[in-house]
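Everything below belongs to final25.pdb, which stores PDB, C-alpha atoms.
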ATOM      1  CA  MET A1235      67.628 -88.956  49.780
ATOM      2  CA  ASN A1236      65.899 -87.958  46.592
ATOM      3  CA  ASN A1237      63.048 -85.513  47.048
ATOM      4  CA  GLN A1238      60.383 -87.175  44.948
ATOM      5  CA  PHE A1239      61.002 -90.342  46.892
ATOM      6  CA  LYS A1240      60.348 -88.778  50.265
ATOM      7  CA  LYS A1241      57.329 -86.721  49.367
ATOM      8  CA  GLY A1242      54.830 -89.564  49.297
ATOM      9  CA  VAL A1243      55.965 -90.983  52.597
ATOM     10  CA  LEU A1244      56.065 -87.736  54.574
ATOM     11  CA  ASP A1245      52.256 -87.529  54.690
ATOM     12  CA  LEU A1246      52.259 -90.941  56.324
ATOM     13  CA  CYS A1247      54.948 -89.842  58.822
ATOM     14  CA  VAL A1248      53.041 -86.691  59.765
ATOM     15  CA  LEU A1249      49.809 -88.655  60.272
ATOM     16  CA  THR A1250      51.682 -91.165  62.437
ATOM     17  CA  ILE A1251      53.164 -88.416  64.635
ATOM     18  CA  LEU A1252      49.715 -86.843  65.081
ATOM     19  CA  ALA A1253      48.211 -90.244  65.913
ATOM     20  CA  LYS A1254      50.382 -90.240  69.048
ATOM     21  CA  GLY A1255      48.854 -86.939  70.163
ATOM     22  CA  ASP A1256      48.019 -83.423  69.046
ATOM     23  CA  SER A1257      51.044 -81.379  68.064
ATOM     24  CA  TYR A1258      52.017 -77.995  66.574
ATOM     25  CA  GLY A1259      53.944 -77.202  63.393
ATOM     26  CA  TYR A1260      57.373 -76.557  64.857
ATOM     27  CA  ASP A1261      57.235 -79.705  66.959
ATOM     28  CA  VAL A1262      56.251 -81.895  63.995
ATOM     29  CA  ALA A1263      58.989 -80.307  61.851
ATOM     30  CA  ASP A1264      61.567 -80.778  64.609
ATOM     31  CA  THR A1265      60.622 -84.425  65.179
ATOM     32  CA  LEU A1266      60.727 -85.262  61.477
ATOM     33  CA  SER A1267      63.861 -83.339  60.492
ATOM     34  CA  GLY A1268      65.640 -84.974  63.425
ATOM     35  CA  LYS A1269      65.122 -88.369  61.779
ATOM     36  CA  ILE A1270      64.851 -87.695  58.057
ATOM     37  CA  GLN A1271      67.078 -85.354  56.138
ATOM     38  CA  MET A1272      64.663 -82.664  55.013
ATOM     39  CA  SER A1273      63.859 -78.981  55.190
ATOM     40  CA  ASP A1274      61.832 -77.891  58.227
ATOM     41  CA  GLY A1275      59.533 -75.951  55.902
ATOM     42  CA  THR A1276      58.286 -79.066  54.091
ATOM     43  CA  VAL A1277      55.912 -80.122  56.883
ATOM     44  CA  TYR A1278      53.878 -76.912  56.649
ATOM     45  CA  PRO A1279      52.477 -77.472  53.132
ATOM     46  CA  ILE A1280      51.783 -81.078  54.142
ATOM     47  CA  LEU A1281      49.893 -80.033  57.288
ATOM     48  CA  ARG A1282      47.969 -77.469  55.283
ATOM     49  CA  LYS A1283      46.969 -80.013  52.671
ATOM     50  CA  LEU A1284      45.946 -82.561  55.314
ATOM     51  CA  ALA A1285      43.783 -79.895  56.974
ATOM     52  CA  ALA A1286      42.180 -78.909  53.646
ATOM     53  CA  ASP A1287      41.352 -82.561  52.972
ATOM     54  CA  GLY A1288      39.790 -83.012  56.408
ATOM     55  CA  TYR A1289      42.360 -85.474  57.733
ATOM     56  CA  VAL A1290      43.434 -83.115  60.528
ATOM     57  CA  SER A1291      41.662 -80.299  62.354
ATOM     58  CA  THR A1292      43.360 -77.278  63.935
ATOM     59  CA  TYR A1293      42.924 -75.241  67.103
ATOM     60  CA  LEU A1294      44.914 -72.486  68.810
ATOM     61  CA  LYS A1295      46.417 -72.950  72.231
ATOM     62  CA  GLU A1296      48.276 -70.380  74.348
ATOM     63  CA  SER A1297      51.950 -71.071  74.878
ATOM     64  CA  GLN A1298      53.931 -69.941  77.937
ATOM     65  CA  ASN A1299      56.767 -68.146  76.221
ATOM     66  CA  GLY A1300      55.742 -67.397  72.666
ATOM     67  CA  PRO A1301      52.820 -66.737  70.311
ATOM     68  CA  PRO A1302      49.727 -69.014  70.501
ATOM     69  CA  ARG A1303      50.448 -72.339  68.862
ATOM     70  CA  LYS A1304      48.340 -73.830  66.118
ATOM     71  CA  TYR A1305      47.756 -77.441  67.143
ATOM     72  CA  TYR A1306      46.874 -80.182  64.713
ATOM     73  CA  HIS A1307      44.520 -82.999  65.664
ATOM     74  CA  LEU A1308      43.986 -86.227  63.723
ATOM     75  CA  THR A1309      40.322 -86.589  62.715
ATOM     76  CA  ASP A1310      38.450 -89.891  62.348
ATOM     77  CA  LEU A1311      38.912 -89.551  58.598
ATOM     78  CA  GLY A1312      42.654 -89.045  59.129
ATOM     79  CA  GLN A1313      42.844 -92.110  61.360
ATOM     80  CA  LYS A1314      41.192 -94.136  58.603
ATOM     81  CA  LYS A1315      43.617 -92.793  56.011
ATOM     82  CA  LEU A1316      46.571 -93.573  58.260
ATOM     83  CA  THR A1317      45.471 -97.182  58.690
ATOM     84  CA  GLU A1318      44.980 -97.645  54.953
ATOM     85  CA  ASP A1319      48.200 -95.869  53.909
ATOM     86  CA  LYS A1320      50.264 -97.726  56.467
ATOM     87  CA  GLN A1321      49.036-101.068  55.221
ATOM     88  CA  GLU A1322      49.804-100.017  51.648
ATOM     89  CA  TRP A1323      53.268 -98.850  52.685
ATOM     90  CA  ASP A1324      54.011-102.117  54.513
ATOM     91  CA  GLU A1325      53.020-104.165  51.487
ATOM     92  CA  PHE A1326      55.048-101.937  49.186
ATOM     93  CA  THR A1327      58.257-102.003  51.258
ATOM     94  CA  LYS A1328      57.963-105.763  51.679
ATOM     95  CA  ALA A1329      57.729-106.162  47.900
ATOM     96  CA  VAL A1330      60.659-103.802  47.269
ATOM     97  CA  LYS A1331      62.771-105.597  49.853
ATOM     98  CA  GLY A1332      61.989-108.920  48.223
ATOM     99  CA  ILE A1333      63.058-107.599  44.835
ATOM    100  CA  LEU A1334      66.287-106.091  46.185
ATOM    101  CA  GLU A1335      67.233-109.306  47.987
ATOM    102  CA  ASP A1336      66.622-111.306  44.804
ATOM    103  CA  GLU A1337      68.988-109.004  42.931
ATOM    104  CA  ASP A1338      71.723-109.508  45.522
ATOM    105  CA  LYS A1339      71.878-113.265  44.959
TER     106      LYS A1339
ATOM    107  CA  MET B 265      68.519 -64.511  55.472
ATOM    108  CA  THR B 266      66.575 -62.737  58.225
ATOM    109  CA  LYS B 267      62.988 -63.596  59.099
ATOM    110  CA  LYS B 268      61.712 -60.511  57.307
ATOM    111  CA  GLU B 269      63.657 -61.278  54.131
ATOM    112  CA  TYR B 270      62.474 -64.870  54.195
ATOM    113  CA  LEU B 271      58.799 -63.961  54.639
ATOM    114  CA  ASP B 272      58.991 -61.258  51.959
ATOM    115  CA  LYS B 273      60.488 -63.694  49.484
ATOM    116  CA  LEU B 274      57.913 -66.348  50.368
ATOM    117  CA  ALA B 275      55.020 -63.867  50.009
ATOM    118  CA  LYS B 276      56.295 -62.825  46.602
ATOM    119  CA  GLU B 277      56.547 -66.434  45.421
ATOM    120  CA  LEU B 278      53.049 -67.246  46.684
ATOM    121  CA  GLY B 279      51.701 -64.315  44.654
ATOM    122  CA  SER B 280      49.028 -66.236  42.741
ATOM    123  CA  MET B 281      47.291 -67.492  45.902
ATOM    124  CA  SER B 282      44.398 -65.751  47.592
ATOM    125  CA  TYR B 283      45.127 -63.092  50.202
ATOM    126  CA  SER B 284      43.709 -65.144  53.068
ATOM    127  CA  ASP B 285      45.768 -68.211  52.090
ATOM    128  CA  VAL B 286      48.971 -66.158  51.904
ATOM    129  CA  LYS B 287      48.239 -64.491  55.242
ATOM    130  CA  ASP B 288      47.641 -67.890  56.842
ATOM    131  CA  ILE B 289      50.838 -69.395  55.437
ATOM    132  CA  LEU B 290      52.992 -66.405  56.422
ATOM    133  CA  SER B 291      51.594 -66.572  59.951
ATOM    134  CA  ASP B 292      52.545 -70.291  60.182
ATOM    135  CA  ILE B 293      56.096 -69.609  59.019
ATOM    136  CA  ASP B 294      56.387 -66.501  61.217
ATOM    137  CA  ASN B 295      55.427 -68.674  64.198
ATOM    138  CA  HIS B 296      58.083 -71.183  63.170
ATOM    139  CA  PHE B 297      60.718 -68.426  63.403
ATOM    140  CA  GLU B 298      59.406 -67.490  66.855
ATOM    141  CA  GLU B 299      59.575 -71.094  68.060
ATOM    142  CA  SER B 300      63.098 -71.414  66.638
ATOM    143  CA  LYS B 301      64.134 -68.321  68.569
ATOM    144  CA  ILE B 302      62.789 -69.829  71.804
ATOM    145  CA  ALA B 303      64.731 -73.000  71.001
ATOM    146  CA  GLY B 304      67.894 -70.852  70.810
ATOM    147  CA  LYS B 305      68.361 -70.620  67.044
ATOM    148  CA  THR B 306      69.188 -67.423  65.190
ATOM    149  CA  GLU B 307      66.967 -66.201  62.362
ATOM    150  CA  GLU B 308      69.701 -67.173  59.887
ATOM    151  CA  GLU B 309      69.783 -70.738  61.199
ATOM    152  CA  ALA B 310      66.011 -71.034  61.228
ATOM    153  CA  ALA B 311      65.800 -69.720  57.647
ATOM    154  CA  ALA B 312      68.452 -72.180  56.469
ATOM    155  CA  GLN B 313      66.637 -75.109  58.086
ATOM    156  CA  LEU B 314      63.298 -74.054  56.591
ATOM    157  CA  GLY B 315      64.774 -74.422  53.113
ATOM    158  CA  ASP B 316      64.651 -72.224  50.033
ATOM    159  CA  PRO B 317      61.535 -69.995  50.220
ATOM    160  CA  SER B 318      60.780 -70.435  46.515
ATOM    161  CA  GLU B 319      60.897 -74.222  46.962
ATOM    162  CA  LEU B 320      58.600 -73.965  49.971
ATOM    163  CA  ALA B 321      56.202 -71.796  47.945
ATOM    164  CA  ALA B 322      56.220 -74.399  45.167
ATOM    165  CA  GLU B 323      55.345 -77.122  47.702
ATOM    166  CA  TYR B 324      52.450 -75.020  48.978
ATOM    167  CA  LYS B 325      51.167 -74.463  45.456
ATOM    168  CA  GLU B 326      51.419 -78.141  44.636
ATOM    169  CA  GLY B 327      49.179 -79.045  47.553
ATOM    170  CA  MET B 328      46.615 -76.441  46.567
ATOM    171  CA  THR B 329      45.652 -77.511  43.062
ATOM    172  CA  LEU B 330      42.077 -76.680  43.990
ATOM    173  CA  PRO B 331      41.497 -73.333  45.652
ATOM    174  CA  THR B 332      40.626 -73.795  49.315
ATOM    175  CA  ILE B 333      37.206 -72.236  48.882
ATOM    176  CA  LEU B 334      36.261 -74.755  46.175
ATOM    177  CA  LYS B 335      37.360 -77.608  48.404
ATOM    178  CA  LYS B 336      35.187 -76.349  51.214
ATOM    179  CA  LYS B 337      32.234 -76.191  48.836
ATOM    180  CA  GLU B 338      32.949 -79.728  47.670
ATOM    181  CA  GLN B 339      33.008 -80.984  51.229
ATOM    182  CA  LYS B 340      29.705 -79.236  51.869
ATOM    183  CA  ALA B 341      28.141 -80.807  48.799
ATOM    184  CA  ASN B 342      29.343 -84.242  49.837
ATOM    185  CA  ALA B 343      28.162 -83.879  53.400
ATOM    186  CA  PRO B 344      24.831 -85.626  54.145
ATOM    187  CA  LYS B 345      21.908 -83.215  53.908
ATOM    188  CA  ALA B 346      20.229 -82.151  57.115
ATOM    189  CA  GLU B 347      16.746 -83.688  57.084
ATOM    190  CA  GLU B 348      15.286 -80.966  59.282
ATOM    191  CA  PRO B 349      12.068 -79.626  57.668
ATOM    192  CA  THR B 350      11.783 -75.836  57.556
ATOM    193  CA  SER B 351       8.948 -74.116  59.419
ATOM    194  CA  GLN B 352       7.471 -73.182  56.032
ATOM    195  CA  THR B 353       7.277 -76.838  55.019
ATOM    196  CA  VAL B 354       5.714 -77.822  58.341
ATOM    197  CA  ALA B 355       3.069 -75.071  58.002
ATOM    198  CA  PHE B 356       2.327 -76.126  54.406
ATOM    199  CA  VAL B 357       1.847 -79.782  55.248
ATOM    200  CA  ILE B 358      -0.267 -79.096  58.337
ATOM    201  CA  LEU B 359      -2.505 -76.490  56.659
ATOM    202  CA  ILE B 360      -3.121 -78.570  53.519
ATOM    203  CA  THR B 361      -3.837 -81.683  55.547
ATOM    204  CA  LEU B 362      -6.133 -79.893  57.993
ATOM    205  CA  PHE B 363      -8.181 -77.716  55.635
ATOM    206  CA  VAL B 364      -8.116 -79.550  52.306
ATOM    207  CA  ALA B 365      -7.180 -83.204  52.695
ATOM    208  CA  ILE B 366      -9.202 -84.138  55.786
ATOM    209  CA  PRO B 367     -12.510 -82.454  54.659
ATOM    210  CA  THR B 368     -12.171 -84.006  51.203
ATOM    211  CA  TRP B 369     -11.401 -87.378  52.731
ATOM    212  CA  VAL B 370     -14.375 -87.251  55.112
ATOM    213  CA  THR B 371     -16.765 -86.093  52.326
ATOM    214  CA  LEU B 372     -15.679 -88.852  49.936
ATOM    215  CA  PHE B 373     -15.883 -91.421  52.719
ATOM    216  CA  GLY B 374     -19.429 -90.232  53.522
ATOM    217  CA  ILE B 375     -20.524 -90.481  49.881
ATOM    218  CA  ILE B 376     -19.159 -94.011  49.593
ATOM    219  CA  LEU B 377     -20.890 -94.975  52.844
ATOM    220  CA  VAL B 378     -24.264 -93.621  51.647
ATOM    221  CA  ILE B 379     -23.934 -95.393  48.288
ATOM    222  CA  THR B 380     -23.129 -98.637  50.069
ATOM    223  CA  LEU B 381     -26.211 -98.271  52.290
ATOM    224  CA  ILE B 382     -28.456 -97.574  49.280
ATOM    225  CA  GLU B 383     -27.059-100.686  47.592
ATOM    226  CA  LEU B 384     -27.886-102.680  50.676
ATOM    227  CA  PHE B 385     -31.536-101.499  50.665
ATOM    228  CA  ALA B 386     -31.835-102.071  46.926
ATOM    229  CA  ALA B 387     -30.507-105.610  47.267
ATOM    230  CA  ALA B 388     -32.848-106.335  50.181
ATOM    231  CA  GLY B 389     -35.792-104.860  48.237
ATOM    232  CA  ALA B 390     -34.964-106.918  45.158
ATOM    233  CA  LEU B 391     -34.730-110.092  47.205
ATOM    234  CA  GLY B 392     -38.020-109.339  48.973
ATOM    235  CA  LEU B 393     -39.873-108.578  45.758
ATOM    236  CA  LEU B 394     -38.571-111.677  44.003
ATOM    237  CA  CYS B 395     -39.671-113.861  46.942
ATOM    238  CA  THR B 396     -43.095-112.211  47.000
ATOM    239  CA  CYS B 397     -43.465-112.844  43.259
ATOM    240  CA  TRP B 398     -42.646-116.461  43.830
ATOM    241  CA  PHE B 399     -45.487-116.882  46.332
ATOM    242  CA  TYR B 400     -48.144-114.628  44.835
ATOM    243  CA  GLY B 401     -48.694-115.422  41.163
ATOM    244  CA  PRO B 402     -50.907-112.405  40.218
ATOM    245  CA  PHE B 403     -48.130-109.864  40.737
ATOM    246  CA  LEU B 404     -45.713-111.969  38.823
ATOM    247  CA  ALA B 405     -45.100-109.947  35.663
ATOM    248  CA  SER B 406     -44.756-106.426  37.102
ATOM    249  CA  GLY B 407     -43.159-107.625  40.377
ATOM    250  CA  LEU B 408     -40.587-109.702  38.553
ATOM    251  CA  LEU B 409     -39.654-106.755  36.365
ATOM    252  CA  LEU B 410     -39.215-104.401  39.342
ATOM    253  CA  GLY B 411     -37.300-107.036  41.290
ATOM    254  CA  LEU B 412     -34.902-107.742  38.450
ATOM    255  CA  THR B 413     -34.370-104.013  37.891
ATOM    256  CA  LEU B 414     -33.543-103.558  41.565
ATOM    257  CA  LEU B 415     -31.232-106.575  41.492
ATOM    258  CA  PHE B 416     -29.403-105.218  38.421
ATOM    259  CA  PHE B 417     -29.182-101.804  40.074
ATOM    260  CA  SER B 418     -27.675-103.275  43.215
ATOM    261  CA  VAL B 419     -25.110-105.365  41.314
ATOM    262  CA  PHE B 420     -24.077-102.344  39.254
ATOM    263  CA  GLY B 421     -23.988-100.292  42.468
ATOM    264  CA  TYR B 422     -21.711-102.802  44.174
ATOM    265  CA  ALA B 423     -19.300-102.630  41.257
ATOM    266  CA  VAL B 424     -19.252 -98.844  41.558
ATOM    267  CA  THR B 425     -18.708 -99.078  45.324
ATOM    268  CA  PHE B 426     -15.893-101.584  44.895
ATOM    269  CA  PHE B 427     -13.998 -99.328  42.511
ATOM    270  CA  SER B 428     -14.677 -96.194  44.577
ATOM    271  CA  ILE B 429     -13.215 -97.837  47.686
ATOM    272  CA  LYS B 430     -10.245 -99.115  45.723
ATOM    273  CA  TYR B 431      -9.370 -95.711  44.260
ATOM    274  CA  PHE B 432     -10.146 -94.042  47.565
ATOM    275  CA  VAL B 433      -7.445 -96.160  49.223
ATOM    276  CA  VAL B 434      -5.011 -95.561  46.332
ATOM    277  CA  ALA B 435      -5.567 -91.798  46.502
ATOM    278  CA  THR B 436      -5.098 -91.751  50.270
ATOM    279  CA  LYS B 437      -1.792 -93.620  49.960
ATOM    280  CA  TRP B 438      -0.622 -91.273  47.194
ATOM    281  CA  TYR B 439      -1.481 -88.245  49.313
ATOM    282  CA  ILE B 440       0.448 -89.571  52.328
ATOM    283  CA  ASP B 441       3.498 -90.329  50.141
ATOM    284  CA  ALA B 442       3.359 -86.871  48.514
ATOM    285  CA  MET B 443       3.223 -85.194  51.917
ATOM    286  CA  LYS B 444       6.145 -87.300  53.149
ATOM    287  CA  LYS B 445       8.175 -86.154  50.139
ATOM    288  CA  VAL B 446       7.323 -82.519  50.791
ATOM    289  CA  TRP B 447       8.220 -82.939  54.450
ATOM    290  CA  LYS B 448      11.646 -84.368  53.550
ATOM    291  CA  ASN B 449      12.666 -82.189  50.596
ATOM    292  CA  GLY B 450      10.760 -78.963  51.177
ATOM    293  CA  ILE B 451       8.094 -77.429  48.961
TER     294      ILE B 451
END
Show the structure stored in the file as structure tokens.
Amino acid sequence: MNNQFKKGVLDLCVLTILAKGDSYGYDVADTLSGKIQMSDGTVYPILRKLAADGYVSTYLKESQNGPPRKYYHLTDLGQKKLTEDKQEWDEFTKAVKGILEDEDK
Amino acid sequence: MTKKEYLDKLAKELGSMSYSDVKDILSDIDNHFEESKIAGKTEEEAAAQLGDPSELAAEYKEGMTLPTILKKKEQKANAPKAEEPTSQTVAFVILITLFVAIPTWVTLFGIILVITLIELFAAAGALGLLCTCWFYGPFLASGLLLGLTLLFFSVFGYAVTFFSIKYFVVATKWYIDAMKKVWKNGI
């Protein structure tokens, strides 16, 4: 899929994953790249930007067999953004679908 | 590409960012390599899945149009101000109120009270004299003059008292508001 296309939606995907529970970078990257064709690296700039904007907070947690993991936690602000963005996305995809179906006729 | 090669390339591409940002980013990506290793991937595989380091660097730069430190300052400026008065402010308000405002207030109140009492006596005197004049003709001329003078004095006095009380209340309100402002915003 074209890169520009994905970029806007990935923020929404990352927020959604974090809404299910706190997670660390590798796990988020693994979950996303398993479903969407993308580079693993892409989630890191997104997570960093979300943290800088206050949508997620971070904390370190020891891991059993590797270095301490940086966990990301969805803040109240992030939860609000997720709700708003999801609604916007739903409306947008519905509109696009409507247009595409019209074209098919 | 090995982990070291990948991180070196990424660091070089991130060149324009601050040292602490670059250090932070490299540590995130380093950890990703470590997690990949635990998951059974080679460094080559992990590097390939991460994507081109220069592309990754570009994505980082895109997200950081404002330097992180500026963003933090912005957030601070937007955050609601703590309304906790400093000890200096508290001392100022208490000292001024205790040693300047309250003595001044009590003195002014006393003066107004005394004036009001004098007015009361003057009014009573005027009334008494006028009544006396009414009953005893011989004192009429001089008594009437004194009585009218006293009456005029008391009416004038009441006007003065009325305005003093009014401005006394206004000044007290202004003082309380000013102190509230100082308490909230500091000196």
* Nearby residues (all atoms listed in the file) at most 12 Å from Lys276 of chain B, same-chain spacing under 6 positions excluded, as a VMD selection string -> chain B and resid 269 to 270 283 286 to 287 290 317 to 318 320 to 322
Give me a file of those residues, with C-alpha atoms, as an mmCIF file, in the frame of the given file.
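Result saved to result25.cif:
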data_model
loop_
_atom_site.group_PDB
_atom_site.id
_atom_site.type_symbol
_atom_site.label_atom_id
_atom_site.label_comp_id
_atom_site.auth_asym_id
_atom_site.auth_seq_id
_atom_site.Cartn_x
_atom_site.Cartn_y
_atom_site.Cartn_z
ATOM 1 C CA GLU B 269 63.657 -61.278 54.131
ATOM 2 C CA TYR B 270 62.474 -64.870 54.195
ATOM 3 C CA TYR B 283 45.127 -63.092 50.202
ATOM 4 C CA VAL B 286 48.971 -66.158 51.904
ATOM 5 C CA LYS B 287 48.239 -64.491 55.242
ATOM 6 C CA LEU B 290 52.992 -66.405 56.422
ATOM 7 C CA PRO B 317 61.535 -69.995 50.220
ATOM 8 C CA SER B 318 60.780 -70.435 46.515
ATOM 9 C CA LEU B 320 58.600 -73.965 49.971
ATOM 10 C CA ALA B 321 56.202 -71.796 47.945
ATOM 11 C CA ALA B 322 56.220 -74.399 45.167
#
* So what do you get for atom CA of Leu394 of chain B versus atom CA of Leu414 of chain B, distance-wise? ->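 For atom CA of Leu394 of chain B relative to atom CA of Leu414 of chain B, the distance reads 9.9 Å.
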* Asked: Quick one: which residues end up in the ChimeraX specification (/A :<7) & /B for this structure, as a list in words?
  ->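 Evaluating the ChimeraX specification (/A :<7) & /B on this file yields Asn295, His296, Glu298, Glu299, Gln313, Leu314, Gly315, Leu320, Glu323, Tyr324, Gly327 and Thr332 of chain B.
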Just want the 6 Å neighbourhood of Val1290 of chain A, counted on all atoms listed in the file, with same-chain residues fewer than 3 positions away dropped. Output as a compact mmCIF listing (two decimals) with C-alpha atoms, keeping the file's coordinate frame.
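Written output follows (out-v9.txt):
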# COMPACT_ATOMS: atom_id res chain seq x y z
CA LEU A 1284 45.95 -82.56 55.31
CA ALA A 1285 43.78 -79.90 56.97
CA HIS A 1307 44.52 -83.00 65.66
CA LEU A 1308 43.99 -86.23 63.72
CA THR A 1309 40.32 -86.59 62.72
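Restricting the calculation to only C-alpha atoms, the smallest distance between Lys1254 of chain A and any of A:Tyr1306, A:Glu1322, A:Tyr1289, A:Gly1242 is found for A:Tyr1306.
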